[in-house]
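Colleague: Take a look at this one; I'll ask things after.
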Amino acid sequence: MNGIIVLLIGGIALLSGYFFYGKVLSKLFGVDPSRKTPAVELEDGVDYVPTNRQVVFGHHFASIAGAAPIVGPIVASMFGWVPVLLWCIVGGIFFGGVQDFGSMFASVRNKGRSIGYIIELYVGKAGKKLFLLFSWLFCILVIAAFGDIVAVSFNGIGANGVHQFINGATASTSVLFIFVSVAFGFYIKKKQPTSMTMTIIAILLLVACITLGMLFPSYIPRSAWLVIVFLYIMVASVTPVWALLQPRDFLNSFLLIFMIVAAMVGIFVAHPAMNLPAFAGWNVKGQNIFPFLFVTIACGAVSGFHALVASETSSKQVKSEKDMLPISYGGMLVESLLAVIALVCVGAKVGTVAAGDGAPVIFAKSVAAFLGVLGIPNELSSTIITLAVSAFALTSLDSVARVARLSFQEFFLDSDTDISKLSGWKKICVNKYFATILTLVLGYILAKIGYANIWPLFGSANQMLSALALCAVALFMQNTNRNGKIVWIPMFIMLAVTYTALTQIIIKNFATLGSGTFVFGTNGMQLIFGILILALGLDIGIRAVRKLFFNKDKTAATAV
């Protein structure tokens, strides 16, 4: 099979999904451009900031993408390219897109509050607190992992002491992005330029930063970068969104879109073959296609983290309800397209992958090889693609830090809490600086002692979040007189996937207790965290399903 055919199938299906199924969702949910959004009604200049659709899309897409839509499909390709392609298409259109749009819509119709608030409203305070605890713990794991990933991608000194140019250039460019973004943010706020003007300036700034980064690479070791990265996200998670988060993500979105477009052009020029079997079997390397295909591919199909971004940050920036579909549903489908591109990349590289090449390296080498056909120097293309991949991770990192901070604060607040009347330890806990510092200190410690010990649980935990977010969306629709049946199938499938995956992981690690292979640092940690995640997920899921089907209160339904 030629990679062009795979790309065309994925691209046409996803584009059709946006125009046809997206229209169905807009009508079913009841998008109303005449309503005031929370960003307009509650503008505070920090979190609630009415913003141009293009800028919010840049922030949202850059935040949700991360490295996962690249890593997931490449790892899952062991099952064959057909299952991966089908899940990216079906998952993106009918699972992930529905979750992302539904989460953003429910948040916008509830003053920009989070999915945790939706759960409190329809399930109860206990359900909300369990969900927020789950979200906070999940975010700490992501912070630890992505912080380490960024530090490694910036590491300018190799194991043998040799300077690593690509990493050094990537680091310098990324740092320049941050300072340029602040100036760009002030410019946008003061001048309010047109979309065309912002686009032209953004592209010029990107070219300038990349050029300077390649001319002046930073050769700083990983350990130092880890500290710098955590200090940066500490500032980024409490800074007003318009001053850093929005403009930096807007700039990065052009880099990420350039990467996607360049990869697509490269595929059409290079005509890569899919050196993968169409279907490799139901069980590969001891893993069953159900549930592990659906756990391994998260961000390219459906990801719980998206619901947190959609309801915690992006919903507070939406200027008009008509912007929600392109930002949330459109952003999800672009991410699914990236996953299809990653699948073509690994298909082209099978048989030539070097030992130790991780998924991002495979992706970067493939795209660089595609662009080489056009005569673009390998060093230049490799630097830009590596920069784009690290930008995915860094933009997700500062967004997840903000989400974690908001989740921690909200844990100590109820919908009727008057913050001004809080006292004692609760007042300290809802302070944004305390919540940020505590979260990042725990994330840094986990990054230092080895987040990899519990990282195998990441996929299951992330997909558990998606299942619970879909539960919240279904409850919102039922309690606001909307037909929520469109959410039921993805909700139950994701509940089945995550419960099955976590149960199998727990059984596998429990079996090592009597086999002599048990290691507390790995098996023990996975066993403890696996049981904790499953228990929290079961409790919240059962509460939500009971409210949805068995404890209906039709008199409580409102038109929100």
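Residues are named by chain letter and number: chains run A, B, ... in the order of the structure tokens, numbers start at 1 in each chain, and ligands are numbered from 1 in the order shown.
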I'd like a table as a Markdown table: residues in segment 380-468 of chain A with an atom no more than 7 Å from segment 124-138 of chain A, each row giving the shortest atom pair and its distance in Å to one decimal, only C-alpha atoms counted, sorted by chain and rising residue number.
Modeller:
```
| residue | atom | partner | partner_atom | distance |
| --- | --- | --- | --- | --- |
| A:Ala404 | CA | A:Trp136 | CA | 5.2 |
| A:Ser407 | CA | A:Leu132 | CA | 5.6 |
| A:Phe408 | CA | A:Trp136 | CA | 6.3 |
| A:Phe411 | CA | A:Lys129 | CA | 5.6 |
| A:Ala461 | CA | A:Phe138 | CA | 7.0 |
```
Colleague: With all heavy atoms retained, export the selected residues as a compact mmCIF listing (two decimals), in the first residue's frame.
Modeller:
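The resulting file, part.txt, is shown below:
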```txt
# COMPACT_ATOMS: atom_id res chain seq x y z
N ALA A 404 -3.75 21.77 36.10
CA ALA A 404 -3.51 21.15 37.40
C ALA A 404 -3.74 22.15 38.53
O ALA A 404 -4.36 21.84 39.55
CB ALA A 404 -2.08 20.61 37.48
N SER A 407 -7.48 22.72 38.86
CA SER A 407 -8.12 21.53 39.44
C SER A 407 -7.89 21.48 40.95
O SER A 407 -8.80 21.16 41.73
CB SER A 407 -7.59 20.25 38.78
OG SER A 407 -7.91 20.20 37.42
N PHE A 408 -6.66 21.77 41.37
CA PHE A 408 -6.33 21.76 42.80
C PHE A 408 -7.13 22.83 43.54
O PHE A 408 -7.70 22.56 44.61
CB PHE A 408 -4.83 21.99 43.00
CG PHE A 408 -4.39 21.90 44.43
CD1 PHE A 408 -4.10 20.67 45.01
CD2 PHE A 408 -4.28 23.05 45.22
CE1 PHE A 408 -3.70 20.58 46.34
CE2 PHE A 408 -3.88 22.97 46.55
CZ PHE A 408 -3.58 21.73 47.10
N PHE A 411 -10.81 21.89 43.85
CA PHE A 411 -11.08 20.78 44.77
C PHE A 411 -11.60 21.31 46.11
O PHE A 411 -12.42 20.65 46.78
CB PHE A 411 -9.79 19.98 45.00
CG PHE A 411 -9.95 18.80 45.91
CD1 PHE A 411 -10.39 17.58 45.43
CD2 PHE A 411 -9.67 18.90 47.27
CE1 PHE A 411 -10.55 16.48 46.27
CE2 PHE A 411 -9.83 17.82 48.12
CZ PHE A 411 -10.26 16.60 47.62
N ALA A 461 -5.02 5.87 32.31
CA ALA A 461 -5.51 7.00 33.11
C ALA A 461 -6.09 8.09 32.21
O ALA A 461 -7.14 8.67 32.50
CB ALA A 461 -4.39 7.56 33.97
```
Colleague: Could you name the residues that touch Arg546 of chain A at 12 Å or less, counting only C-alpha atoms, but leaving out those on the same chain fewer than 6 positions away, as a ChimeraX atom specification?
Modeller: /A:122-124,127,471,475,538-540,552-553
Colleague: So which residues touch segment 371-381 of chain A within 7 Å, counting only C-alpha atoms, skipping near sequence neighbours fewer than 4 positions away, as a PyMOL selection string?
Modeller: chain A and resi 266+270+367+385
Colleague: Mind dumping the selected residues with N, CA and C atoms as a short mmCIF file (atom, residue, chain, number, x, y, z; two decimals), in the first residue's frame?
Modeller:
```cif
data_model
loop_
_atom_site.label_atom_id
_atom_site.label_comp_id
_atom_site.auth_asym_id
_atom_site.auth_seq_id
_atom_site.Cartn_x
_atom_site.Cartn_y
_atom_site.Cartn_z
N GLY A 266 5.75 16.23 1.63
CA GLY A 266 6.81 15.24 1.50
C GLY A 266 6.28 13.86 1.13
N ALA A 270 7.46 11.97 -2.13
CA ALA A 270 8.30 10.79 -1.93
C ALA A 270 7.60 9.47 -2.25
N VAL A 367 10.09 12.49 8.11
CA VAL A 367 9.72 13.75 7.47
C VAL A 367 10.94 14.39 6.81
N ILE A 385 11.76 19.99 12.46
CA ILE A 385 10.83 18.96 12.92
C ILE A 385 11.04 18.65 14.40
#
```
Colleague: Excluding Gly286 of chain A and any residue of its chain fewer than 6 positions from it, enumerate the residues within 12 Å of it, using only C-alpha atoms, and give them as a list of chain:residue names.
Modeller: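 Returned residues: A:Met78, A:Phe79, A:Phe292, A:Gln504, A:Lys508.
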Colleague: Using only all heavy atoms, please write the residues we just selected to a file, as an mmCIF file, in the first residue's frame.
Modeller:
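part-v4.cif, written as the output of this step:
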```
data_model
loop_
_atom_site.group_PDB
_atom_site.id
_atom_site.type_symbol
_atom_site.label_atom_id
_atom_site.label_comp_id
_atom_site.auth_asym_id
_atom_site.auth_seq_id
_atom_site.Cartn_x
_atom_site.Cartn_y
_atom_site.Cartn_z
ATOM 1 N N MET A 78 2.220 -1.802 15.635
ATOM 2 C CA MET A 78 2.541 -3.226 15.735
ATOM 3 C C MET A 78 1.313 -4.089 15.436
ATOM 4 O O MET A 78 1.442 -5.265 15.082
ATOM 5 C CB MET A 78 3.077 -3.556 17.133
ATOM 6 C CG MET A 78 2.093 -3.374 18.255
ATOM 7 S SD MET A 78 2.849 -3.752 19.871
ATOM 8 C CE MET A 78 1.457 -3.529 20.974
ATOM 9 N N PHE A 79 0.110 -3.519 15.564
ATOM 10 C CA PHE A 79 -1.118 -4.257 15.257
ATOM 11 C C PHE A 79 -1.463 -4.203 13.760
ATOM 12 O O PHE A 79 -2.408 -4.852 13.320
ATOM 13 C CB PHE A 79 -2.299 -3.697 16.058
ATOM 14 C CG PHE A 79 -2.211 -3.940 17.535
ATOM 15 C CD1 PHE A 79 -1.995 -2.887 18.418
ATOM 16 C CD2 PHE A 79 -2.347 -5.215 18.058
ATOM 17 C CE1 PHE A 79 -1.910 -3.104 19.778
ATOM 18 C CE2 PHE A 79 -2.272 -5.445 19.422
ATOM 19 C CZ PHE A 79 -2.051 -4.382 20.288
ATOM 20 N N PHE A 292 -5.702 -2.588 24.221
ATOM 21 C CA PHE A 292 -4.468 -1.803 24.182
ATOM 22 C C PHE A 292 -4.319 -0.918 22.938
ATOM 23 O O PHE A 292 -3.621 0.089 22.988
ATOM 24 C CB PHE A 292 -3.261 -2.720 24.372
ATOM 25 C CG PHE A 292 -3.168 -3.221 25.792
ATOM 26 C CD1 PHE A 292 -3.533 -4.515 26.112
ATOM 27 C CD2 PHE A 292 -2.767 -2.370 26.800
ATOM 28 C CE1 PHE A 292 -3.485 -4.962 27.424
ATOM 29 C CE2 PHE A 292 -2.712 -2.803 28.112
ATOM 30 C CZ PHE A 292 -3.070 -4.105 28.433
ATOM 31 N N GLN A 504 -6.280 -5.599 33.608
ATOM 32 C CA GLN A 504 -5.212 -6.458 33.076
ATOM 33 C C GLN A 504 -3.840 -6.027 33.589
ATOM 34 O O GLN A 504 -2.987 -6.871 33.890
ATOM 35 C CB GLN A 504 -5.249 -6.446 31.550
ATOM 36 C CG GLN A 504 -6.462 -7.164 30.969
ATOM 37 C CD GLN A 504 -6.440 -7.237 29.450
ATOM 38 O OE1 GLN A 504 -5.454 -6.895 28.811
ATOM 39 N NE2 GLN A 504 -7.536 -7.694 28.866
ATOM 40 N N LYS A 508 -1.474 -8.379 35.877
ATOM 41 C CA LYS A 508 -0.116 -8.666 35.409
ATOM 42 C C LYS A 508 0.923 -8.351 36.477
ATOM 43 O O LYS A 508 1.853 -9.134 36.723
ATOM 44 C CB LYS A 508 0.165 -7.865 34.140
ATOM 45 C CG LYS A 508 1.559 -8.087 33.557
ATOM 46 C CD LYS A 508 1.766 -7.244 32.306
ATOM 47 C CE LYS A 508 3.178 -7.410 31.751
ATOM 48 N NZ LYS A 508 3.388 -6.574 30.534
#
```
Colleague: Find the residues near Gln192 of chain A: any atom within 12 Å, counting only C-alpha atoms, skip ones fewer than 5 places away on the same chain, and give them as a PyMOL selection string.
Modeller: chain A and resi 50-52+55+184-187+197-198+242
Colleague: Tell me which protein, DNA and RNA residues are within 6 Å of segment 100-106 of chain A, counting only C-alpha atoms, leaving out same-chain ones fewer than 5 positions away, and put them as a ChimeraX atom specification.
Modeller: /A:307,310-311,315,328-329,473
Colleague: Write out the residues from the selection above, keeping N, CA, C and O atoms, as a compact mmCIF listing (two decimals), in the first residue's frame.
Modeller:
```
# COMPACT_ATOMS: atom_id res chain seq x y z
N ALA A 307 -10.40 17.21 27.31
CA ALA A 307 -11.58 17.72 28.02
C ALA A 307 -11.16 18.71 29.10
O ALA A 307 -11.88 19.69 29.37
N ALA A 310 -10.17 21.92 27.21
CA ALA A 310 -11.37 22.54 26.64
C ALA A 310 -12.20 23.25 27.69
O ALA A 310 -12.77 24.32 27.43
N SER A 311 -12.28 22.66 28.89
CA SER A 311 -13.16 23.22 29.92
C SER A 311 -12.43 24.08 30.96
O SER A 311 -13.07 24.83 31.69
N SER A 315 -12.26 27.32 27.04
CA SER A 315 -13.65 27.80 27.16
C SER A 315 -13.72 29.21 27.73
O SER A 315 -14.70 29.93 27.51
N SER A 328 -12.64 23.34 18.95
CA SER A 328 -12.60 22.05 19.66
C SER A 328 -12.72 20.86 18.71
O SER A 328 -11.81 20.02 18.65
N TYR A 329 -13.80 20.78 17.95
CA TYR A 329 -14.00 19.66 17.04
C TYR A 329 -12.96 19.70 15.91
O TYR A 329 -12.36 18.68 15.55
N VAL A 473 -20.66 14.96 29.94
CA VAL A 473 -21.35 15.56 28.80
C VAL A 473 -22.74 14.95 28.64
O VAL A 473 -23.72 15.66 28.39
```
Colleague: Write out as a compact mmCIF listing (two decimals) with N, CA and C atoms, in the first residue's frame which residues come within 8 Å of segment 86-90 of chain A when counting only C-alpha atoms, dropping same-chain ones fewer than 6 positions away.
Modeller:
```txt
# COMPACT_ATOMS: atom_id res chain seq x y z
N GLY A 10 -7.52 8.99 5.11
CA GLY A 10 -7.66 9.66 6.40
C GLY A 10 -8.09 11.11 6.25
N ALA A 13 -11.83 11.46 4.93
CA ALA A 13 -12.78 11.02 5.96
C ALA A 13 -12.90 12.06 7.08
N LEU A 14 -11.78 12.60 7.53
CA LEU A 14 -11.79 13.57 8.62
C LEU A 14 -12.42 14.89 8.18
N PHE A 294 -6.70 0.91 21.80
CA PHE A 294 -7.50 2.09 22.14
C PHE A 294 -6.91 2.86 23.32
N ILE A 297 -3.33 4.56 21.44
CA ILE A 297 -3.64 5.73 20.62
C ILE A 297 -4.67 6.56 21.36
N GLY A 300 -4.62 10.96 19.20
CA GLY A 300 -4.97 10.88 17.79
C GLY A 300 -6.40 10.45 17.55
N ALA A 301 -7.10 10.01 18.62
CA ALA A 301 -8.47 9.53 18.47
C ALA A 301 -9.38 10.13 19.55
N SER A 336 -6.07 14.21 14.63
CA SER A 336 -6.24 12.88 14.05
C SER A 336 -5.49 12.78 12.73
N LEU A 337 -5.50 13.87 11.95
CA LEU A 337 -4.75 13.89 10.70
C LEU A 337 -3.25 13.74 10.97
N ALA A 339 -1.97 12.14 13.42
CA ALA A 339 -1.78 10.73 13.77
C ALA A 339 -1.68 9.86 12.52
N VAL A 340 -2.49 10.17 11.50
CA VAL A 340 -2.43 9.43 10.23
C VAL A 340 -1.07 9.65 9.56
```
Colleague: Go through A:Gly92, A:Gly116, A:Gly161, A:Gly66 and flag the residue nearest Gly11 of chain A, using only C-alpha atoms for the distances.
Modeller: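 Smallest separation from Gly11 of chain A among the options: A:Gly92.
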Colleague: Could you find all residues in segment 30-66 of chain A that DSSP calls helix (DSSP H, G or I) from the backbone, and write them as an mmCIF file with all heavy atoms, in the first residue's frame?
Modeller:
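Produced file states_5.cif, reproduced below:
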```cif
data_model
loop_
_atom_site.group_PDB
_atom_site.id
_atom_site.type_symbol
_atom_site.label_atom_id
_atom_site.label_comp_id
_atom_site.auth_asym_id
_atom_site.auth_seq_id
_atom_site.Cartn_x
_atom_site.Cartn_y
_atom_site.Cartn_z
ATOM 1 N N PRO A 38 -18.790 33.256 28.561
ATOM 2 C CA PRO A 38 -18.154 33.616 29.831
ATOM 3 C C PRO A 38 -16.955 34.553 29.658
ATOM 4 O O PRO A 38 -16.696 35.403 30.509
ATOM 5 C CB PRO A 38 -17.712 32.258 30.392
ATOM 6 C CG PRO A 38 -18.631 31.281 29.772
ATOM 7 C CD PRO A 38 -18.915 31.801 28.407
ATOM 8 N N ALA A 39 -16.219 34.391 28.560
ATOM 9 C CA ALA A 39 -15.054 35.249 28.319
ATOM 10 C C ALA A 39 -15.468 36.715 28.248
ATOM 11 O O ALA A 39 -14.755 37.609 28.720
ATOM 12 C CB ALA A 39 -14.355 34.835 27.031
ATOM 13 N N VAL A 40 -16.639 36.970 27.661
ATOM 14 C CA VAL A 40 -17.143 38.335 27.537
ATOM 15 C C VAL A 40 -17.802 38.785 28.836
ATOM 16 O O VAL A 40 -17.553 39.890 29.333
ATOM 17 C CB VAL A 40 -18.156 38.424 26.374
ATOM 18 C CG1 VAL A 40 -18.787 39.810 26.310
ATOM 19 C CG2 VAL A 40 -17.483 38.083 25.053
ATOM 20 N N GLU A 41 -18.622 37.908 29.390
ATOM 21 C CA GLU A 41 -19.401 38.260 30.578
ATOM 22 C C GLU A 41 -18.552 38.395 31.836
ATOM 23 O O GLU A 41 -18.816 39.254 32.691
ATOM 24 C CB GLU A 41 -20.475 37.186 30.795
ATOM 25 C CG GLU A 41 -21.462 37.503 31.893
ATOM 26 C CD GLU A 41 -22.517 36.420 32.051
ATOM 27 O OE1 GLU A 41 -22.481 35.438 31.282
ATOM 28 O OE2 GLU A 41 -23.356 36.553 32.947
ATOM 29 N N ARG A 53 -10.758 34.011 17.297
ATOM 30 C CA ARG A 53 -10.883 32.562 17.076
ATOM 31 C C ARG A 53 -9.559 31.912 16.668
ATOM 32 O O ARG A 53 -9.196 30.842 17.143
ATOM 33 C CB ARG A 53 -11.927 32.292 15.995
ATOM 34 C CG ARG A 53 -12.066 30.801 15.627
ATOM 35 C CD ARG A 53 -12.738 30.602 14.282
ATOM 36 N NE ARG A 53 -14.092 31.139 14.266
ATOM 37 C CZ ARG A 53 -14.912 31.043 13.214
ATOM 38 N NH1 ARG A 53 -14.500 30.457 12.103
ATOM 39 N NH2 ARG A 53 -16.128 31.548 13.267
ATOM 40 N N GLN A 54 -8.819 32.586 15.788
ATOM 41 C CA GLN A 54 -7.562 32.034 15.284
ATOM 42 C C GLN A 54 -6.546 31.862 16.409
ATOM 43 O O GLN A 54 -5.817 30.874 16.462
ATOM 44 C CB GLN A 54 -6.993 32.960 14.201
ATOM 45 C CG GLN A 54 -5.791 32.402 13.458
ATOM 46 C CD GLN A 54 -5.285 33.345 12.387
ATOM 47 O OE1 GLN A 54 -5.818 34.441 12.217
ATOM 48 N NE2 GLN A 54 -4.263 32.937 11.666
ATOM 49 N N VAL A 55 -6.514 32.823 17.337
ATOM 50 C CA VAL A 55 -5.574 32.753 18.452
ATOM 51 C C VAL A 55 -5.965 31.636 19.416
ATOM 52 O O VAL A 55 -5.118 30.879 19.897
ATOM 53 C CB VAL A 55 -5.497 34.102 19.190
ATOM 54 C CG1 VAL A 55 -4.596 34.008 20.417
ATOM 55 C CG2 VAL A 55 -4.986 35.192 18.257
ATOM 56 N N VAL A 56 -7.266 31.528 19.708
ATOM 57 C CA VAL A 56 -7.728 30.472 20.618
ATOM 58 C C VAL A 56 -7.477 29.094 19.999
ATOM 59 O O VAL A 56 -7.070 28.158 20.695
ATOM 60 C CB VAL A 56 -9.228 30.628 20.960
ATOM 61 C CG1 VAL A 56 -9.651 29.566 21.976
ATOM 62 C CG2 VAL A 56 -9.509 32.004 21.531
ATOM 63 N N PHE A 57 -7.705 28.975 18.685
ATOM 64 C CA PHE A 57 -7.417 27.698 18.023
ATOM 65 C C PHE A 57 -5.939 27.351 18.182
ATOM 66 O O PHE A 57 -5.594 26.199 18.456
ATOM 67 C CB PHE A 57 -7.779 27.756 16.538
ATOM 68 C CG PHE A 57 -7.429 26.492 15.793
ATOM 69 C CD1 PHE A 57 -8.324 25.441 15.744
ATOM 70 C CD2 PHE A 57 -6.195 26.343 15.171
ATOM 71 C CE1 PHE A 57 -8.001 24.250 15.088
ATOM 72 C CE2 PHE A 57 -5.856 25.168 14.512
ATOM 73 C CZ PHE A 57 -6.764 24.120 14.465
ATOM 74 N N GLY A 58 -5.073 28.344 17.986
ATOM 75 C CA GLY A 58 -3.638 28.105 18.131
ATOM 76 C C GLY A 58 -3.299 27.618 19.524
ATOM 77 O O GLY A 58 -2.538 26.658 19.696
ATOM 78 N N HIS A 59 -3.877 28.283 20.538
ATOM 79 C CA HIS A 59 -3.634 27.859 21.925
ATOM 80 C C HIS A 59 -4.168 26.458 22.161
ATOM 81 O O HIS A 59 -3.479 25.596 22.707
ATOM 82 C CB HIS A 59 -4.301 28.832 22.897
ATOM 83 C CG HIS A 59 -4.616 28.219 24.227
ATOM 84 N ND1 HIS A 59 -3.638 27.898 25.149
ATOM 85 C CD2 HIS A 59 -5.791 27.813 24.783
ATOM 86 C CE1 HIS A 59 -4.200 27.341 26.212
ATOM 87 N NE2 HIS A 59 -5.499 27.275 26.009
ATOM 88 N N HIS A 60 -5.415 26.223 21.742
ATOM 89 C CA HIS A 60 -6.070 24.949 22.028
ATOM 90 C C HIS A 60 -5.368 23.793 21.332
ATOM 91 O O HIS A 60 -5.048 22.775 21.960
ATOM 92 C CB HIS A 60 -7.531 25.017 21.597
ATOM 93 C CG HIS A 60 -8.317 23.790 21.941
ATOM 94 N ND1 HIS A 60 -8.759 23.530 23.227
ATOM 95 C CD2 HIS A 60 -8.718 22.737 21.186
ATOM 96 C CE1 HIS A 60 -9.408 22.373 23.238
ATOM 97 N NE2 HIS A 60 -9.390 21.871 22.022
ATOM 98 N N PHE A 61 -5.099 23.959 20.031
ATOM 99 C CA PHE A 61 -4.473 22.879 19.276
ATOM 100 C C PHE A 61 -3.068 22.575 19.790
ATOM 101 O O PHE A 61 -2.693 21.419 19.969
ATOM 102 C CB PHE A 61 -4.417 23.232 17.789
ATOM 103 C CG PHE A 61 -3.714 22.194 16.959
ATOM 104 C CD1 PHE A 61 -4.236 20.917 16.840
ATOM 105 C CD2 PHE A 61 -2.528 22.488 16.308
ATOM 106 C CE1 PHE A 61 -3.587 19.949 16.078
ATOM 107 C CE2 PHE A 61 -1.877 21.536 15.551
ATOM 108 C CZ PHE A 61 -2.401 20.258 15.437
ATOM 109 N N ALA A 62 -2.302 23.623 20.047
ATOM 110 C CA ALA A 62 -0.941 23.417 20.538
ATOM 111 C C ALA A 62 -0.947 22.757 21.912
ATOM 112 O O ALA A 62 -0.050 21.977 22.250
ATOM 113 C CB ALA A 62 -0.199 24.752 20.603
ATOM 114 N N SER A 63 -1.981 23.049 22.719
ATOM 115 C CA SER A 63 -2.057 22.491 24.069
ATOM 116 C C SER A 63 -2.451 21.015 24.064
ATOM 117 O O SER A 63 -1.899 20.215 24.815
ATOM 118 C CB SER A 63 -3.063 23.286 24.911
ATOM 119 O OG SER A 63 -2.651 24.623 25.074
ATOM 120 N N ILE A 64 -3.431 20.660 23.230
ATOM 121 C CA ILE A 64 -3.930 19.287 23.262
ATOM 122 C C ILE A 64 -3.027 18.307 22.525
ATOM 123 O O ILE A 64 -3.010 17.108 22.833
ATOM 124 C CB ILE A 64 -5.360 19.178 22.675
ATOM 125 C CG1 ILE A 64 -5.376 19.530 21.186
ATOM 126 C CG2 ILE A 64 -6.328 20.049 23.459
ATOM 127 C CD1 ILE A 64 -6.711 19.292 20.493
ATOM 128 N N ALA A 65 -2.261 18.811 21.555
ATOM 129 C CA ALA A 65 -1.531 17.889 20.684
ATOM 130 C C ALA A 65 -0.425 17.138 21.409
ATOM 131 O O ALA A 65 -0.388 15.913 21.430
ATOM 132 C CB ALA A 65 -0.969 18.638 19.485
#
```
Colleague: With only C-alpha atoms as the basis for distance, which of A:Tyr48, A:Tyr21, A:Phe520, A:Phe370 is at the shortest distance from Thr313 of chain A?
Modeller: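 Ranking A:Tyr48, A:Tyr21, A:Phe520, A:Phe370 by distance to Thr313 of chain A, first place goes to A:Tyr48.
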Colleague: Using backbone DSSP assignments, extract all strand (DSSP E) residues from segment 222-377 of chain A; output them as an mmCIF file with N, CA, C and O atoms, in the first residue's frame.
Modeller:
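Generated file (result31.cif):
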```
data_model
loop_
_atom_site.group_PDB
_atom_site.id
_atom_site.type_symbol
_atom_site.label_atom_id
_atom_site.label_comp_id
_atom_site.auth_asym_id
_atom_site.auth_seq_id
_atom_site.Cartn_x
_atom_site.Cartn_y
_atom_site.Cartn_z
ATOM 1 N N ASN A 283 -3.507 -10.541 18.893
ATOM 2 C CA ASN A 283 -2.584 -10.463 20.029
ATOM 3 C C ASN A 283 -1.168 -10.334 19.488
ATOM 4 O O ASN A 283 -0.696 -11.194 18.750
ATOM 5 N N VAL A 284 -0.502 -9.226 19.826
ATOM 6 C CA VAL A 284 0.850 -8.962 19.346
ATOM 7 C C VAL A 284 1.737 -8.641 20.542
ATOM 8 O O VAL A 284 1.406 -7.777 21.358
ATOM 9 N N GLN A 287 0.074 -8.528 23.887
ATOM 10 C CA GLN A 287 -0.960 -7.527 24.140
ATOM 11 C C GLN A 287 -2.125 -7.718 23.187
ATOM 12 O O GLN A 287 -1.948 -7.842 21.975
ATOM 13 N N ASN A 288 -3.342 -7.750 23.737
ATOM 14 C CA ASN A 288 -4.545 -7.899 22.940
ATOM 15 C C ASN A 288 -4.915 -6.567 22.294
ATOM 16 O O ASN A 288 -4.755 -5.496 22.908
#
```
Colleague: In Å, how far is it from atom CA of Val302 of chain A to atom CA of Val84 of chain A?
Modeller: 12.9 Å
Colleague: Kindly indicate which residue among A:Leu42, A:Ala263, A:Glu120, A:Arg482 lies nearest to Lys547 of chain A, using only C-alpha atoms for the distances.
Modeller: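 Distance minimum relative to Lys547 of chain A lands on A:Glu120.
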Colleague: From the options A:Val318, A:Leu438, A:Ile341, A:Ile233, which residue's atoms come nearest to Leu8 of chain A, counting only C-alpha atoms?
Modeller: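 Among the listed residues, the smallest separation from Leu8 of chain A belongs to A:Ile341.
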